[in-house]
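Trainee: Contents of target-v4.txt (compact mmCIF, C-alpha atoms and all ligand atoms) are below:
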```
# COMPACT_ATOMS: atom_id res chain seq x y z
CA MET O 1 28.21 67.58 105.02
CA GLU O 2 25.44 66.61 102.65
CA GLU O 3 23.29 69.10 104.47
CA ALA O 4 25.94 71.77 103.83
CA GLN O 5 26.35 70.93 100.19
CA GLY O 6 22.60 71.06 99.60
CA SER O 7 21.72 74.15 101.64
CA LYS O 8 21.69 77.64 100.19
CA ALA O 9 24.25 80.30 100.99
CA PRO O 10 22.96 83.88 101.22
CA ILE O 11 24.95 84.70 98.10
CA GLN O 12 22.90 82.04 96.33
CA ARG O 13 19.90 84.28 96.84
CA PHE O 14 21.69 86.90 94.75
CA ALA O 15 21.83 84.41 91.89
CA ASP O 16 18.16 83.58 92.40
CA VAL O 17 17.16 87.25 92.33
CA VAL O 18 19.21 87.88 89.18
CA SER O 19 17.56 84.90 87.49
CA GLY O 20 14.17 86.30 88.49
CA TYR O 21 14.73 89.53 86.53
CA PHE O 22 16.80 87.89 83.87
CA VAL O 23 14.22 85.61 82.33
CA PRO O 24 11.53 88.23 81.56
CA ALA O 25 14.19 90.70 80.39
CA VAL O 26 15.69 88.15 78.00
CA ILE O 27 12.33 87.17 76.53
CA THR O 28 11.52 90.82 75.96
CA LEU O 29 14.91 91.35 74.27
CA ALA O 30 14.45 88.29 72.06
CA VAL O 31 11.00 89.39 70.96
CA LEU O 32 12.34 92.90 70.27
CA THR O 33 15.16 91.41 68.20
CA PHE O 34 12.61 89.48 66.16
CA LEU O 35 10.41 92.52 65.60
CA VAL O 36 13.27 94.84 64.68
CA TRP O 37 14.73 92.34 62.19
CA TYR O 38 11.36 91.43 60.68
CA PHE O 39 10.02 94.93 60.29
CA VAL O 40 13.08 97.20 60.12
CA LEU O 41 16.44 95.61 59.32
CA ASP O 42 15.38 92.90 56.85
CA PRO O 43 11.66 93.43 56.32
CA GLY O 44 9.68 90.29 55.56
CA ASN O 45 12.61 87.87 56.13
CA PHE O 46 10.89 85.63 58.64
CA SER O 47 13.62 82.96 58.89
CA ARG O 48 16.44 85.45 59.51
CA ALA O 49 14.41 87.17 62.24
CA LEU O 50 13.66 83.78 63.79
CA VAL O 51 17.31 82.67 63.75
CA ASN O 52 18.42 85.87 65.51
CA PHE O 53 15.55 85.57 67.97
CA THR O 54 16.70 82.02 68.78
CA ALA O 55 20.36 83.05 69.09
CA VAL O 56 19.45 85.70 71.66
CA LEU O 57 17.40 83.21 73.66
CA VAL O 58 20.18 80.61 73.61
CA ILE O 59 23.07 82.91 74.51
CA ALA O 60 21.02 84.41 77.31
CA CYS O 61 20.27 81.07 78.97
CA PRO O 62 21.50 81.54 82.57
CA CYS O 63 22.38 77.90 83.26
CA ALA O 64 25.91 78.76 84.45
CA LEU O 65 24.49 81.26 86.92
CA GLY O 66 22.70 78.45 88.68
CA LEU O 67 25.93 76.51 88.94
CA ALA O 68 28.07 79.38 90.22
CA THR O 69 27.33 79.18 93.96
CA PRO O 70 26.58 75.50 94.58
CA THR O 71 29.72 74.26 92.83
CA SER O 72 32.00 76.47 94.97
CA ILE O 73 30.14 75.57 98.15
CA MET O 74 30.43 71.90 97.34
CA VAL O 75 34.17 72.08 96.73
CA GLY O 76 34.60 74.38 99.77
CA THR O 77 32.78 72.14 102.25
CA GLY O 78 34.61 69.12 100.88
CA LYS O 79 37.90 70.94 101.32
CA GLY O 80 36.86 71.80 104.88
CA ALA O 81 36.18 68.16 105.71
CA GLU O 82 39.57 67.24 104.32
CA ASN O 83 41.11 69.71 106.76
CA GLY O 84 39.14 68.55 109.79
CA ILE O 85 36.51 71.30 109.53
CA LEU O 86 32.94 70.02 109.36
CA ILE O 87 30.56 72.71 108.12
CA LYS O 88 26.87 72.15 108.79
CA GLY O 89 25.38 74.60 106.29
CA ALA O 90 26.41 76.70 103.32
CA GLU O 91 25.46 79.90 105.16
CA HIS O 92 28.05 79.16 107.87
CA LEU O 93 30.78 78.77 105.29
CA GLU O 94 29.78 82.17 103.96
CA ASN O 95 29.34 83.85 107.37
CA ALA O 96 32.79 82.84 108.62
CA HIS O 97 34.50 85.41 106.38
CA ARG O 98 32.51 88.24 107.96
CA LEU O 99 33.57 87.54 111.57
CA THR O 100 35.10 90.45 113.46
CA ALA O 101 35.38 88.91 116.94
CA ILE O 102 36.18 85.45 118.27
CA VAL O 103 35.14 84.37 121.76
CA LEU O 104 37.11 81.43 123.11
CA ASP O 105 35.99 79.35 126.06
CA LYS O 106 38.88 78.76 128.45
CA THR O 107 38.61 75.24 129.84
CA GLY O 108 38.84 72.56 127.16
CA THR O 109 39.09 75.07 124.31
CA ILE O 110 42.17 77.18 125.00
CA THR O 111 43.40 74.68 127.58
CA LYS O 112 43.51 70.91 127.29
CA GLY O 113 40.69 70.54 129.81
CA GLU O 114 42.67 67.99 131.78
CA PRO O 115 43.16 69.73 135.11
CA ALA O 116 45.44 68.18 137.73
CA VAL O 117 45.70 68.95 141.43
CA THR O 118 48.93 70.81 142.19
CA ASP O 119 48.56 72.14 145.75
CA ILE O 120 46.56 71.29 148.84
CA VAL O 121 46.92 73.90 151.55
CA SER O 122 45.59 72.92 154.97
CA LEU O 123 43.93 75.73 156.89
CA ASN O 124 42.61 73.79 159.89
CA GLY O 125 45.52 71.62 161.03
CA GLN O 126 44.24 68.47 159.32
CA THR O 127 46.72 66.62 157.13
CA GLU O 128 46.64 66.90 153.35
CA THR O 129 45.62 63.26 153.14
CA GLN O 130 42.64 63.74 155.45
CA LEU O 131 41.54 66.79 153.51
CA LEU O 132 41.99 65.11 150.15
CA HIS O 133 39.87 62.20 151.35
CA LEU O 134 36.99 64.52 152.26
CA ALA O 135 37.26 66.44 149.01
CA ALA O 136 37.54 63.36 146.80
CA VAL O 137 34.54 61.65 148.36
CA ALA O 138 32.51 64.87 148.19
CA GLU O 139 33.33 65.34 144.49
CA LYS O 140 32.73 61.73 143.45
CA ASN O 141 29.22 62.40 142.15
CA SER O 142 30.16 65.51 140.22
CA GLU O 143 30.90 65.34 136.50
CA HIS O 144 32.77 68.64 136.50
CA PRO O 145 36.35 68.36 135.17
CA LEU O 146 37.65 70.06 138.34
CA ALA O 147 35.81 67.49 140.47
CA GLN O 148 37.28 64.69 138.43
CA ALA O 149 40.76 66.13 138.96
CA ILE O 150 40.27 65.96 142.71
CA VAL O 151 38.83 62.43 142.57
CA ARG O 152 41.70 61.24 140.36
CA HIS O 153 44.22 62.73 142.74
CA GLY O 154 42.45 61.08 145.68
CA GLN O 155 42.44 57.72 143.95
CA ALA O 156 46.13 58.03 143.14
CA GLN O 157 46.82 58.62 146.82
CA GLY O 158 44.48 55.78 147.80
CA VAL O 159 42.18 57.99 149.89
CA ALA O 160 39.09 58.16 147.70
CA SER O 161 37.14 55.25 149.21
CA GLY O 162 33.77 55.89 150.79
CA ASP O 163 30.57 57.56 149.65
CA ALA O 164 28.93 60.86 150.35
CA ALA O 165 25.66 60.60 152.28
CA GLU O 166 24.10 63.62 150.65
CA PHE O 167 25.24 65.37 147.53
CA ALA O 168 24.28 68.52 145.66
CA ALA O 169 26.03 70.13 142.72
CA ILE O 170 25.64 73.89 142.41
CA PRO O 171 26.49 74.76 138.77
CA GLY O 172 29.18 77.40 138.42
CA HIS O 173 29.78 77.36 142.17
CA GLY O 174 30.75 73.93 143.47
CA VAL O 175 29.38 71.05 145.52
CA ARG O 176 27.97 70.30 148.95
CA ALA O 177 28.11 66.80 150.46
CA GLN O 178 27.97 64.86 153.71
CA VAL O 179 31.18 62.87 154.20
CA ASP O 180 31.93 60.85 157.34
CA GLY O 181 29.17 62.76 159.09
CA LYS O 182 30.68 66.14 158.22
CA THR O 183 29.27 68.81 155.92
CA VAL O 184 31.79 69.45 153.17
CA LEU O 185 31.61 72.39 150.78
CA VAL O 186 34.02 72.65 147.83
CA GLY O 187 33.87 75.52 145.39
CA THR O 188 34.22 79.21 144.72
CA ARG O 189 34.56 82.19 147.02
CA LYS O 190 30.99 83.07 146.19
CA LEU O 191 29.79 79.66 147.37
CA MET O 192 31.60 80.20 150.69
CA ARG O 193 30.24 83.71 151.09
CA GLU O 194 26.72 82.49 150.45
CA ASN O 195 27.19 79.83 153.13
CA GLY O 196 28.68 82.24 155.63
CA VAL O 197 32.20 80.76 155.63
CA ASP O 198 34.90 83.41 155.94
CA PHE O 199 38.14 82.81 154.04
CA ALA O 200 39.45 86.36 154.45
CA VAL O 201 42.72 85.38 156.13
CA SER O 202 43.64 82.99 153.30
CA LEU O 203 42.88 85.30 150.41
CA SER O 204 46.47 86.34 149.76
CA ARG O 205 47.45 82.68 149.40
CA VAL O 206 44.52 82.10 147.04
CA GLU O 207 45.56 85.05 144.94
CA ALA O 208 49.18 83.95 144.78
CA LEU O 209 48.10 80.58 143.35
CA GLU O 210 45.71 82.22 140.90
CA GLN O 211 48.48 84.51 139.74
CA GLN O 212 50.16 81.33 138.42
CA GLY O 213 47.11 80.52 136.30
CA LYS O 214 45.84 77.87 138.71
CA THR O 215 42.19 77.48 139.64
CA VAL O 216 41.77 77.49 143.40
CA MET O 217 38.83 75.74 145.03
CA LEU O 218 38.00 76.47 148.61
CA MET O 219 36.93 73.71 150.99
CA ALA O 220 34.95 74.20 154.16
CA VAL O 221 34.20 71.47 156.69
CA ASP O 222 31.28 71.97 159.06
CA GLY O 223 31.12 75.64 158.22
CA LYS O 224 34.82 76.38 158.83
CA PRO O 225 37.62 77.04 156.33
CA ALA O 226 39.51 73.76 155.88
CA ALA O 227 41.66 73.85 152.76
CA LEU O 228 42.65 75.39 149.47
CA ILE O 229 42.87 73.00 146.55
CA ALA O 230 44.69 74.32 143.51
CA VAL O 231 44.33 72.76 140.12
CA ALA O 232 46.28 73.52 136.96
CA ASP O 233 45.31 72.92 133.38
CA THR O 234 47.81 73.20 130.56
CA VAL O 235 47.35 75.38 127.53
CA LYS O 236 47.07 73.50 124.22
CA GLU O 237 50.14 73.48 122.04
CA HIS O 238 48.80 75.69 119.25
CA SER O 239 46.47 78.02 121.18
CA ALA O 240 48.92 80.92 121.30
CA ALA O 241 49.76 80.61 117.58
CA ALA O 242 46.05 80.55 116.68
CA VAL O 243 45.31 83.63 118.80
CA ALA O 244 48.24 85.52 117.28
CA GLN O 245 47.11 84.71 113.76
CA LEU O 246 43.48 85.63 114.46
CA LYS O 247 44.68 88.99 115.78
CA LYS O 248 46.83 89.47 112.71
CA MET O 249 43.77 88.82 110.55
CA GLY O 250 42.18 91.80 112.33
CA LEU O 251 39.86 89.87 114.64
CA GLU O 252 39.20 90.84 118.23
CA VAL O 253 39.90 87.85 120.48
CA TRP O 254 38.01 87.26 123.74
CA MET O 255 38.22 84.65 126.46
CA ILE O 256 35.09 83.60 128.34
CA THR O 257 35.16 81.48 131.49
CA GLY O 258 33.38 80.59 134.69
CA ASP O 259 36.74 80.68 136.39
CA ASN O 260 37.89 83.67 138.45
CA GLU O 261 39.34 86.84 136.97
CA ARG O 262 42.93 86.34 138.16
CA THR O 263 43.33 82.78 136.85
CA ALA O 264 41.65 83.81 133.60
CA ARG O 265 44.05 86.72 133.25
CA ALA O 266 47.10 84.51 133.82
CA ILE O 267 45.97 82.04 131.14
CA ALA O 268 44.99 84.87 128.79
CA ARG O 269 48.44 86.39 129.13
CA GLU O 270 50.01 83.04 128.30
CA VAL O 271 48.16 82.77 124.97
CA GLY O 272 47.98 86.48 124.09
CA VAL O 273 44.25 87.12 124.56
CA ASP O 274 43.52 90.76 125.45
CA ASN O 275 39.84 90.71 126.33
CA ILE O 276 38.50 88.69 129.24
CA LEU O 277 35.02 87.78 130.41
CA ALA O 278 35.58 85.97 133.73
CA GLU O 279 33.31 84.57 136.43
CA VAL O 280 30.55 84.14 133.89
CA LEU O 281 27.97 81.67 135.14
CA PRO O 282 27.14 78.87 132.69
CA GLU O 283 23.66 80.30 132.03
CA HIS O 284 25.10 83.76 131.26
CA LYS O 285 27.60 82.84 128.54
CA ALA O 286 25.02 83.23 125.77
CA GLU O 287 24.02 86.66 127.11
CA LYS O 288 27.64 87.83 126.92
CA VAL O 289 27.87 86.73 123.28
CA GLN O 290 24.59 88.50 122.58
CA GLU O 291 25.98 91.70 124.13
CA LEU O 292 29.01 91.61 121.84
CA LYS O 293 26.69 91.14 118.87
CA GLN O 294 24.65 94.12 119.96
CA GLN O 295 27.83 96.20 119.89
CA GLY O 296 27.89 95.52 116.16
CA LYS O 297 30.49 92.78 116.18
CA VAL O 298 30.08 89.66 114.07
CA VAL O 299 30.87 87.04 116.68
CA GLY O 300 32.31 83.56 116.38
CA MET O 301 32.05 81.50 119.58
CA VAL O 302 34.33 78.54 120.19
CA GLY O 303 33.52 76.03 122.92
CA ASP O 304 33.48 72.41 123.95
CA GLY O 305 31.21 72.03 126.96
CA ILE O 306 27.51 71.51 127.58
CA ASN O 307 27.42 74.94 129.20
CA ASP O 308 28.79 76.51 125.99
CA ALA O 309 25.94 75.19 123.83
CA PRO O 310 23.53 78.16 124.15
CA ALA O 311 26.38 80.58 123.39
CA LEU O 312 27.41 78.50 120.37
CA ALA O 313 23.85 78.60 119.09
CA ILE O 314 23.45 82.36 119.52
CA ALA O 315 26.79 83.33 117.94
CA ASP O 316 26.95 84.30 114.27
CA VAL O 317 29.12 81.26 113.78
CA GLY O 318 29.46 78.61 116.52
CA PHE O 319 32.57 76.44 116.46
CA ALA O 320 32.62 73.25 118.53
CA ILE O 321 35.78 71.44 119.49
CA GLY O 322 35.48 67.88 118.19
CA THR O 323 37.06 66.44 121.31
CA GLY O 324 34.35 68.06 123.46
CA THR O 325 30.76 67.14 124.25
CA ASP O 326 28.13 66.02 121.74
CA VAL O 327 25.81 68.76 122.97
CA ALA O 328 28.30 71.43 121.92
CA MET O 329 28.76 69.85 118.48
CA GLU O 330 24.99 69.64 118.06
CA ALA O 331 24.59 73.35 118.84
CA ALA O 332 27.52 74.51 116.71
CA ASP O 333 27.63 75.41 113.01
CA ILE O 334 31.15 74.21 112.42
CA THR O 335 32.97 71.40 114.21
CA LEU O 336 36.76 71.42 114.40
CA ILE O 337 37.52 67.72 114.51
CA ARG O 338 40.96 68.25 115.93
CA GLY O 339 41.20 70.17 119.18
CA ASP O 340 43.65 72.57 117.55
CA LEU O 341 42.40 76.19 117.57
CA ARG O 342 44.20 76.88 114.30
CA GLY O 343 41.14 75.19 112.78
CA ILE O 344 39.33 78.52 113.29
CA VAL O 345 41.97 80.29 111.22
CA ALA O 346 41.70 77.62 108.52
CA ALA O 347 37.89 77.86 108.50
CA ILE O 348 37.98 81.64 108.03
CA GLN O 349 40.57 81.34 105.27
CA LEU O 350 38.45 78.69 103.57
CA SER O 351 35.40 80.91 103.84
CA LYS O 352 37.28 83.80 102.22
CA ALA O 353 38.63 81.59 99.45
CA THR O 354 35.16 80.17 98.77
CA MET O 355 33.55 83.61 98.61
CA ARG O 356 36.22 84.82 96.21
CA ASN O 357 35.63 81.73 94.09
CA ILE O 358 31.87 82.30 94.02
CA LYS O 359 32.35 85.87 92.86
CA GLN O 360 34.65 84.72 90.05
CA ASN O 361 32.02 82.14 89.10
CA LEU O 362 29.32 84.76 88.94
CA PHE O 363 31.56 86.79 86.65
CA TRP O 364 32.13 83.83 84.32
CA ALA O 365 28.46 82.95 84.40
CA LEU O 366 27.31 86.43 83.40
CA ILE O 367 30.04 87.68 81.09
CA TYR O 368 29.08 85.35 78.19
CA ASN O 369 25.47 86.47 78.37
CA LEU O 370 26.26 90.14 78.68
CA LEU O 371 28.69 90.17 75.75
CA GLY O 372 26.75 87.62 73.73
CA ILE O 373 23.28 89.16 73.79
CA PRO O 374 24.10 92.31 71.78
CA ILE O 375 26.18 90.27 69.31
CA ALA O 376 23.32 87.82 68.84
CA ALA O 377 20.76 90.62 68.53
CA ALA O 378 22.92 92.24 65.83
CA GLY O 379 22.76 88.97 63.92
CA PHE O 380 26.44 88.00 64.23
CA LEU O 381 25.92 84.86 66.30
CA SER O 382 24.36 81.69 65.00
CA PRO O 383 22.20 79.70 67.45
CA VAL O 384 24.73 76.85 67.22
CA LEU O 385 27.64 79.10 68.23
CA ALA O 386 25.48 80.64 70.94
CA GLY O 387 24.81 77.14 72.30
CA ALA O 388 28.52 76.39 72.31
CA ALA O 389 29.26 79.63 74.17
CA MET O 390 26.60 78.71 76.71
CA ALA O 391 28.13 75.32 77.31
CA PHE O 392 31.52 76.95 77.57
CA SER O 393 30.28 79.34 80.23
CA SER O 394 29.16 76.40 82.37
CA VAL O 395 32.50 74.70 81.76
CA SER O 396 34.35 77.85 82.89
CA VAL O 397 32.29 77.99 86.07
CA VAL O 398 32.89 74.37 86.97
CA THR O 399 36.57 74.59 86.12
CA ASN O 400 36.95 77.68 88.26
CA ALA O 401 35.14 76.01 91.18
CA LEU O 402 37.51 73.08 90.92
CA ARG O 403 40.45 75.45 91.32
CA LEU O 404 39.26 75.78 94.92
CA ARG O 405 40.52 72.25 95.43
CA ARG O 406 44.00 73.70 95.57
CA PHE O 407 43.08 75.53 98.82
CA ARG O 408 45.60 74.99 101.63
CA PRO O 409 45.23 76.70 104.98
CA GLN O 410 48.10 79.09 105.72
CA LEU O 411 48.92 78.38 109.37
CA SER O 412 51.76 79.93 111.30
N1 LIG J 1 32.21 70.33 141.11
C1 LIG J 1 32.87 71.41 141.49
N2 LIG J 1 33.74 71.35 142.49
C2 LIG J 1 34.43 72.42 142.88
N3 LIG J 1 34.33 73.63 142.33
C3 LIG J 1 33.47 73.78 141.33
C4 LIG J 1 32.70 72.68 140.84
N4 LIG J 1 31.93 73.14 139.86
C5 LIG J 1 32.24 74.44 139.69
N5 LIG J 1 33.15 74.84 140.58
C6 LIG J 1 33.71 76.19 140.77
O1 LIG J 1 32.96 77.10 139.98
C7 LIG J 1 33.81 77.74 139.01
C8 LIG J 1 33.03 77.97 137.75
O2 LIG J 1 32.68 76.73 137.17
P1 LIG J 1 32.17 76.63 135.66
O3 LIG J 1 31.76 75.21 135.44
O4 LIG J 1 31.15 77.68 135.46
O5 LIG J 1 33.41 77.03 134.76
P2 LIG J 1 34.88 76.42 134.59
O6 LIG J 1 34.84 74.96 134.52
O7 LIG J 1 35.78 76.99 135.62
O8 LIG J 1 35.44 77.05 133.26
P3 LIG J 1 34.93 77.29 131.76
O9 LIG J 1 33.79 78.23 131.87
O10 LIG J 1 36.13 77.95 131.16
O11 LIG J 1 34.60 76.01 131.10
C9 LIG J 1 35.00 76.82 138.86
O12 LIG J 1 36.16 77.52 138.47
C10 LIG J 1 35.14 76.25 140.26
O13 LIG J 1 35.88 77.13 141.07
CU CU J 2 22.78 78.04 79.09
```
Turn this file's structure into structure tokens for me.
Ligand SMILES: Nc1ncnc2c1ncn2[C@@H]1O[C@H](COP(=O)(O)OP(=O)(O)OP(=O)(O)O)[C@@H](O)[C@H]1O
Ligand SMILES: [Cu+]
Mentor:
Amino acid sequence: MEEAQGSKAPIQRFADVVSGYFVPAVITLAVLTFLVWYFVLDPGNFSRALVNFTAVLVIACPCALGLATPTSIMVGTGKGAENGILIKGAEHLENAHRLTAIVLDKTGTITKGEPAVTDIVSLNGQTETQLLHLAAVAEKNSEHPLAQAIVRHGQAQGVASGDAAEFAAIPGHGVRAQVDGKTVLVGTRKLMRENGVDFAVSLSRVEALEQQGKTVMLMAVDGKPAALIAVADTVKEHSAAAVAQLKKMGLEVWMITGDNERTARAIAREVGVDNILAEVLPEHKAEKVQELKQQGKVVGMVGDGINDAPALAIADVGFAIGTGTDVAMEAADITLIRGDLRGIVAAIQLSKATMRNIKQNLFWALIYNLLGIPIAAAGFLSPVLAGAAMAFSSVSVVTNALRLRRFRPQLS
């Protein structure tokens, strides 16, 4: 947060540029005022020319301009923190209001990320218990949430004892392990195809389960189809409301997932997401975000996992779910402390409110100078009054920035 409050927003550069032209222009104007008074309007009256010269310099002092952006940013980031939105840099607070598309990761972002085994379908005559034992032991060394679901289910049934002799995790595909002297493969259709295991006769059953939004893992034992293991994850309470509100705000909402198309579609339908990027391998998520950016969209990416980190980093604004991994939070620009996706809506609203506030501040910072300079040059403003007006301009800016403290996210 300190980093955010100290860093410069792009709009701050506007203030810096203005100041850059302002100072020489003001000095020129002041000198002109002096010369015109001394030689033309009141020839020879040195003190009067000097007083007007001073008044112009004082009223033109751009101190409030320097305060305009940082004060709003400070109040804005503080307001974010109060609402569970941690903003890493001022530029992210500014960029959030420009977003035109939001890409949501499925597992752990839209869903709770707590999958549970719902179905075990035997394809080789072995009992469910025997199959669960093989799967649970094979998955023991995997950190994948789907693997943990299988292991948990195995432990609950008391069939998870034993260790795999050999183990290999294939990211985005599944695992291979030696269990009780058998070669066990658990994973996607692609994994089976690559290992020459043919699941063609079971495909309709796989599809029926996927239709229900379940993720189906295939299991092969010694190169033959053995089982289908279906796992279901529940959608978070406020995901649908957040998606609806983002759409209402005019944003395009996308879902990205390593999971298969049909499961992705079922979950997307449940929460109202129209655009789906499914079967995206972990290393390709960032590329997909990049493609959307190249289409001219300003993209916000929301994720929780290690495999989301590159996509979070490449997005215009990366949002990490605070209940997710540290790697994701490290890569993101904004962390939503609560898992609730409505935090994205709140962050965008806060960004808009802050930008509006900065623009008002810039108005207050400049209006005194713009009106005051001609008055001072005409000799109607004493340096003392000019100083008071200056101070008042800074007071207006700070007071206006503090109005941002009344910000409340409007969530449906
Ligand atoms: N350890 C594993 N055991 C079984 N299957 C796996 C394992 N790891 C990956 N898979 C299979 O590969 C698919 C893609 O996995 P990946 O980790 O890329 O994404 P995901 O966890 O499904 O979802 P998301 O991308 O939304 O976080 C999974 O849906 C699953 O079918
Ligand atoms: Cu000033």
Trainee: With only C-alpha atoms and all ligand atoms as the atoms that count, which of O:Leu362, O:Val197, O:Ala264, O:Val175 lies nearest to ligand LIG 1 (chain J)?
Mentor: O:Val175
Trainee: So how many Å separate CA of Asp105 in chain O and CA of Ala315 in chain O, to one decimal?
Mentor: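 Interatomic distance here is 12.9 Å.
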Trainee: So how far away is CA of Glu143 in chain O from atom O11 of ligand LIG 1 (chain J), in Å?
Mentor: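 Here the two named atoms are 12.5 Å from each other.
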Trainee: For a cut-off of 7 Å around (43.1, 75.1, 128.5), file coordinates, pick out all residues using only C-alpha atoms and list them as number ranges by chain.
Mentor: O: 106-113, 233-236
Trainee: Considering all atoms listed in the file, state which residue in the set O:Ala220, O:Ile59, O:Leu404, O:Ala391 is at the smallest distance from Gln349 in chain O.
Mentor: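 Selected residue with least distance to Gln349 in chain O: O:Leu404.
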Trainee: Using only C-alpha atoms, which of O:Ser202, O:Leu277, O:Val103, O:Asp340 sits nearest Leu312 in chain O?
Mentor: O:Val103
Trainee: With the cut-off set at 9 Å and counting only C-alpha atoms and all ligand atoms, tabulate each residue of chain O with an atom at most that distance from an atom of ligand CU 2 (chain J), showing the nearest atom pair and its distance in Å to one decimal, ordered by chain and increasing number, as a Markdown table.
Mentor:
```
| residue | atom | partner | partner_atom | distance |
| --- | --- | --- | --- | --- |
| O:Val58 | CA | J:CU2 | CU | 6.6 |
| O:Ile59 | CA | J:CU2 | CU | 6.7 |
| O:Ala60 | CA | J:CU2 | CU | 6.8 |
| O:Cys61 | CA | J:CU2 | CU | 3.9 |
| O:Pro62 | CA | J:CU2 | CU | 5.1 |
| O:Cys63 | CA | J:CU2 | CU | 4.2 |
| O:Ala64 | CA | J:CU2 | CU | 6.2 |
| O:Leu65 | CA | J:CU2 | CU | 8.6 |
| O:Asn369 | CA | J:CU2 | CU | 8.9 |
| O:Ala386 | CA | J:CU2 | CU | 9.0 |
| O:Gly387 | CA | J:CU2 | CU | 7.1 |
| O:Ala389 | CA | J:CU2 | CU | 8.3 |
| O:Met390 | CA | J:CU2 | CU | 4.6 |
| O:Ala391 | CA | J:CU2 | CU | 6.3 |
| O:Phe392 | CA | J:CU2 | CU | 8.9 |
| O:Ser393 | CA | J:CU2 | CU | 7.7 |
| O:Ser394 | CA | J:CU2 | CU | 7.4 |
```
Trainee: Working from the structure I just supplied, which lacks atoms in range 26-38 of chain O, can you model N, CA and C atoms there and output them as a compact mmCIF listing (two decimals), in the frame of the given file?
Mentor:
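Just written: out.txt:
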```txt
# COMPACT_ATOMS: atom_id res chain seq x y z
N VAL O 26 15.15 88.83 79.18
CA VAL O 26 15.69 88.15 78.00
C VAL O 26 14.58 87.89 76.99
N ILE O 27 13.42 87.46 77.46
CA ILE O 27 12.33 87.17 76.53
C ILE O 27 11.91 88.45 75.82
N THR O 28 11.86 89.53 76.56
CA THR O 28 11.52 90.82 75.96
C THR O 28 12.54 91.18 74.88
N LEU O 29 13.85 91.02 75.23
CA LEU O 29 14.91 91.35 74.27
C LEU O 29 14.81 90.50 73.01
N ALA O 30 14.53 89.20 73.20
CA ALA O 30 14.45 88.29 72.06
C ALA O 30 13.29 88.69 71.14
N VAL O 31 12.16 89.00 71.76
CA VAL O 31 11.00 89.39 70.96
C VAL O 31 11.30 90.70 70.22
N LEU O 32 11.96 91.63 70.91
CA LEU O 32 12.34 92.90 70.27
C LEU O 32 13.25 92.64 69.08
N THR O 33 14.23 91.75 69.28
CA THR O 33 15.16 91.41 68.20
C THR O 33 14.37 90.93 66.97
N PHE O 34 13.42 90.01 67.25
CA PHE O 34 12.61 89.48 66.16
C PHE O 34 11.88 90.60 65.43
N LEU O 35 11.24 91.46 66.19
CA LEU O 35 10.41 92.52 65.60
C LEU O 35 11.26 93.48 64.79
N VAL O 36 12.41 93.87 65.36
CA VAL O 36 13.27 94.84 64.68
C VAL O 36 13.81 94.25 63.37
N TRP O 37 14.23 92.99 63.42
CA TRP O 37 14.73 92.34 62.19
C TRP O 37 13.62 92.19 61.15
N TYR O 38 12.44 91.75 61.61
CA TYR O 38 11.36 91.43 60.68
C TYR O 38 10.77 92.68 60.03
```
